[in-house]
Amino acid sequence: MPILQPGKYNIRNLTAFAQSGAFVNLKDIFVEMTIDESIFSSAISGKILVTDTANLPSGSVGLPLMGNEIIIIELDLPDWYPATYETDPTDDPDAWTPKQNYVFYVGRIYSIQNVTALNDKSQKYEIQFCSEELLRSENLRISKWYKDTPSEIAKKILTKTIGTESRIYFEDTAKVLDVVIPNWHPFYAINWLASRSLSVNSNSPTFFFYQTLYSDYDATEGKPTSTFWYDSLDYLTSTKSLKTFYFGLANVLEDDPSKFLRVENYFVEKRFDSLASISDGLFANRLITHDVVNKKWEIKDQDYYKEFPNWSHTSKGKLYRGVDDSEGKKFTDYPDSKIYMHSVGTPESPNNISVIANRRAAQMATLDSNILNLIGPGDGVVYSGSKISFSYKSPEIFNNINSELTDTFYDGDWIVLSVRHQFFSEKYRVNLRCAKESLKINVEDYVRKV
């Protein structure tokens, strides 16, 4: 089989199986398939739009689609290695060597929606599916005592209680928790543990639990390539950028592989919202803790500018905290703008909330400060939680027609929050929703060139 180029794919298998062993091949009747993954979602979900002349949902065929059927998706995706076009490919003999990424995903059909008649002999509808682990989680509850680090407890819940066959990557966490999970669904429990986690490596309290369709691990045919992650924002920001994307006319030769690094379009979903950032406690917030055993309370204030050097970032510049107001203060001078109140637990079973709540709130808010969507040909390289670079060109007009500048503040590295994989009959594209939690340079240090 020839090597696939970005925007192309090969579908090996797209089959739905019933408990009886009967199956139906969806490969020949699907019109569009969408697969969604996000660092804010515990599991993958998707939908398949099909045109059907056999009335599969409720006809006389051997496999009525009534929900909970197993769905298997097996794909070959293009995997183009080059991380940056600026890098001389002669420095790495494999830099422009195209590869293929094998994907094997197992899910469950949970709904048939939007059934529409095309004519008296055919109809179209959406088959909605999700990872089997999500349905397992919704069917189960945990009432159990654990004493271990949050990541180890979460790992036990995922592998022992839910029982996943997907690969897992769990970042090590500090501080042992002595907790009883009170009749919660497993995924709810894992996400609660993520909100109480501190990284061993960075002391980061901002953790995410999510699933990706594939990752940069080597794949084994016939085994799930999806991966469950439990990692911190500081880990995500510290990883190497997978590749650099460009937007603009690809004035390159036909055989120049840099054309595969260009996106079709982009749009800025959000470029700062000071009011929302203040409300979310990004620049400043206050934590009031109560110690019920010692009968005392404490106040801890968070200042984004003071804490910035202690965190890992995509870029070196701080988010702008505003000009001085009528009182000579900036946004970081108002910790009362967002107040959190928590108990610190007991001496025998502390919840470590005093070192988690302030920073977690601020860091989560930074991920919602600048949002960029990139739309382009799909490849098997970028996944949720990975880091990419976007050469953000300035639309300024220069006297020199050959001049081109990158954006002063927004050019550079971005964290991929979510990926929407879209498969059409002969086309594969992705929509990357990305966040820049810091800027290229400090706004307060910027001196405009006149």
# chains A, B, ... in the order shown; residues from 1 in each chain; ligands from 1
call {"tool": "residues_around", "arguments": {"residues": "stretch 134-147 of chain A", "least_positions_apart": "3", "cutoff": "12 Å", "atoms": "only C-alpha atoms", "output": "MDAnalysis selection string"}}
result
chainID A and resid 41:45 67:70 106:110 129:131 150:164 175:190 193 210:211 228 348:349
call {"tool": "closest_residue", "arguments": {"among": "A:Asp336, A:Asp291, A:Glu307, A:Asp407", "to": "A:Pro350", "atoms": "only C-alpha atoms"}}
result
A:Asp291
call {"tool": "atom_distance", "arguments": {"atom1": "atom CA of A:Lys316", "atom2": "atom CA of A:Lys440"}}
result
6.0 Å
call {"tool": "atom_distance", "arguments": {"atom1": "atom CA of A:Val292", "atom2": "atom CA of A:Gln363"}}
result
28.2 Å
call {"tool": "atom_distance", "arguments": {"atom1": "atom CA of A:Met66", "atom2": "atom CA of A:Thr116"}}
result
17.1 Å
call {"tool": "residues_around", "arguments": {"residues": "A:Gln100", "least_positions_apart": "4", "cutoff": "6 Å", "atoms": "only C-alpha atoms", "output": "list of chain:residue names"}}
result
A:Leu77, A:Pro78, A:Asp79
call {"tool": "select_by_dssp", "arguments": {"residues": "stretch 12-192 of chain A", "states": "helix (DSSP H, G or I)", "output": "PyMOL selection string"}}
result
chain A and resi 89-91+132-139+150-162+186-192
call {"tool": "write_last_selection", "arguments": {"atoms": "N, CA, C and O atoms", "output": "CSV table (one decimal), in the first residue's frame"}}
result
chain,number,residue,atom,x,y,z
A,89,PRO,N,16.3,19.8,7.2
A,89,PRO,CA,16.0,18.3,7.2
A,89,PRO,C,17.3,17.5,7.1
A,89,PRO,O,17.3,16.3,7.5
A,90,THR,N,18.4,18.1,6.6
A,90,THR,CA,19.6,17.3,6.5
A,90,THR,C,20.2,16.9,7.9
A,90,THR,O,21.0,16.1,8.0
A,91,ASP,N,19.7,17.7,8.9
A,91,ASP,CA,20.2,17.4,10.3
A,91,ASP,C,19.6,16.1,10.8
A,91,ASP,O,20.1,15.5,11.8
A,132,GLU,N,-16.0,2.0,25.4
A,132,GLU,CA,-16.6,1.0,26.2
A,132,GLU,C,-16.4,1.4,27.7
A,132,GLU,O,-17.3,1.1,28.6
A,133,GLU,N,-15.3,2.0,28.1
A,133,GLU,CA,-15.0,2.3,29.5
A,133,GLU,C,-16.0,3.3,30.0
A,133,GLU,O,-16.3,3.3,31.2
A,134,LEU,N,-16.5,4.2,29.2
A,134,LEU,CA,-17.5,5.2,29.6
A,134,LEU,C,-18.8,4.5,30.0
A,134,LEU,O,-19.4,4.8,31.1
A,135,LEU,N,-19.3,3.6,29.2
A,135,LEU,CA,-20.5,2.8,29.6
A,135,LEU,C,-20.3,2.0,30.8
A,135,LEU,O,-21.2,1.9,31.7
A,136,ARG,N,-19.1,1.4,30.9
A,136,ARG,CA,-18.8,0.6,32.1
A,136,ARG,C,-18.9,1.5,33.4
A,136,ARG,O,-19.4,1.1,34.4
A,137,SER,N,-18.3,2.7,33.2
A,137,SER,CA,-18.3,3.6,34.4
A,137,SER,C,-19.7,4.0,34.8
A,137,SER,O,-20.0,4.1,36.0
A,138,GLU,N,-20.6,4.3,33.8
A,138,GLU,CA,-21.9,4.6,34.1
A,138,GLU,C,-22.7,3.5,34.7
A,138,GLU,O,-23.7,3.7,35.5
A,139,ASN,N,-22.3,2.3,34.5
A,139,ASN,CA,-23.0,1.1,35.1
A,139,ASN,C,-22.5,0.8,36.5
A,139,ASN,O,-23.2,0.0,37.2
A,150,PRO,N,-3.0,9.8,44.8
A,150,PRO,CA,-4.1,9.9,43.9
A,150,PRO,C,-4.0,9.2,42.6
A,150,PRO,O,-4.9,8.5,42.1
A,151,SER,N,-2.8,9.3,42.0
A,151,SER,CA,-2.6,8.6,40.7
A,151,SER,C,-2.7,7.1,40.8
A,151,SER,O,-3.2,6.4,39.9
A,152,GLU,N,-2.1,6.5,41.9
A,152,GLU,CA,-2.2,5.1,42.0
A,152,GLU,C,-3.6,4.6,42.3
A,152,GLU,O,-4.1,3.6,41.8
A,153,ILE,N,-4.4,5.4,43.1
A,153,ILE,CA,-5.8,5.1,43.3
A,153,ILE,C,-6.6,5.1,42.0
A,153,ILE,O,-7.4,4.2,41.6
A,154,ALA,N,-6.3,6.2,41.2
A,154,ALA,CA,-7.0,6.4,39.9
A,154,ALA,C,-6.7,5.2,39.0
A,154,ALA,O,-7.5,4.7,38.2
A,155,LYS,N,-5.4,4.8,39.0
A,155,LYS,CA,-5.0,3.7,38.1
A,155,LYS,C,-5.7,2.4,38.5
A,155,LYS,O,-6.1,1.6,37.6
A,156,LYS,N,-5.8,2.2,39.8
A,156,LYS,CA,-6.5,0.9,40.2
A,156,LYS,C,-7.9,1.0,39.8
A,156,LYS,O,-8.5,-0.1,39.4
A,157,ILE,N,-8.6,2.1,39.9
A,157,ILE,CA,-10.0,2.2,39.5
A,157,ILE,C,-10.1,1.9,38.0
A,157,ILE,O,-11.0,1.2,37.6
A,158,LEU,N,-9.2,2.5,37.2
A,158,LEU,CA,-9.4,2.3,35.7
A,158,LEU,C,-9.1,0.9,35.3
A,158,LEU,O,-9.8,0.4,34.5
A,159,THR,N,-8.0,0.3,35.9
A,159,THR,CA,-7.6,-1.0,35.4
A,159,THR,C,-8.3,-2.2,36.1
A,159,THR,O,-8.5,-3.2,35.5
A,160,LYS,N,-8.6,-2.0,37.4
A,160,LYS,CA,-9.2,-3.1,38.2
A,160,LYS,C,-10.8,-3.0,38.2
A,160,LYS,O,-11.4,-4.0,37.9
A,161,THR,N,-11.3,-1.8,38.4
A,161,THR,CA,-12.7,-1.7,38.5
A,161,THR,C,-13.4,-1.6,37.2
A,161,THR,O,-14.3,-2.4,36.9
A,162,ILE,N,-12.9,-0.7,36.3
A,162,ILE,CA,-13.5,-0.6,35.0
A,162,ILE,C,-12.9,-1.7,34.0
A,162,ILE,O,-13.6,-2.3,33.3
A,186,PRO,N,-17.0,5.4,38.7
A,186,PRO,CA,-15.6,5.4,38.6
A,186,PRO,C,-15.0,6.6,37.9
A,186,PRO,O,-14.0,7.2,38.4
A,187,PHE,N,-15.5,7.1,36.8
A,187,PHE,CA,-14.9,8.2,36.1
A,187,PHE,C,-15.1,9.5,37.0
A,187,PHE,O,-14.2,10.3,37.0
A,188,TYR,N,-16.2,9.6,37.7
A,188,TYR,CA,-16.4,10.7,38.6
A,188,TYR,C,-15.3,10.7,39.7
A,188,TYR,O,-14.7,11.7,40.0
A,189,ALA,N,-15.0,9.5,40.2
A,189,ALA,CA,-14.0,9.4,41.2
A,189,ALA,C,-12.7,9.7,40.7
A,189,ALA,O,-11.9,10.4,41.4
A,190,ILE,N,-12.3,9.3,39.5
A,190,ILE,CA,-11.0,9.6,39.0
A,190,ILE,C,-10.8,11.1,38.8
A,190,ILE,O,-9.8,11.6,39.1
A,191,ASN,N,-11.9,11.7,38.3
A,191,ASN,CA,-11.8,13.2,38.1
A,191,ASN,C,-11.7,13.9,39.4
A,191,ASN,O,-11.0,15.0,39.5
A,192,TRP,N,-12.4,13.4,40.4
A,192,TRP,CA,-12.2,14.0,41.7
A,192,TRP,C,-10.8,13.9,42.2
A,192,TRP,O,-10.2,14.8,42.8
call {"tool": "closest_residue", "arguments": {"among": "A:Phe40, A:Phe30, A:Phe331, A:Phe23", "to": "A:Lys124", "atoms": "only C-alpha atoms"}}
result
A:Phe30
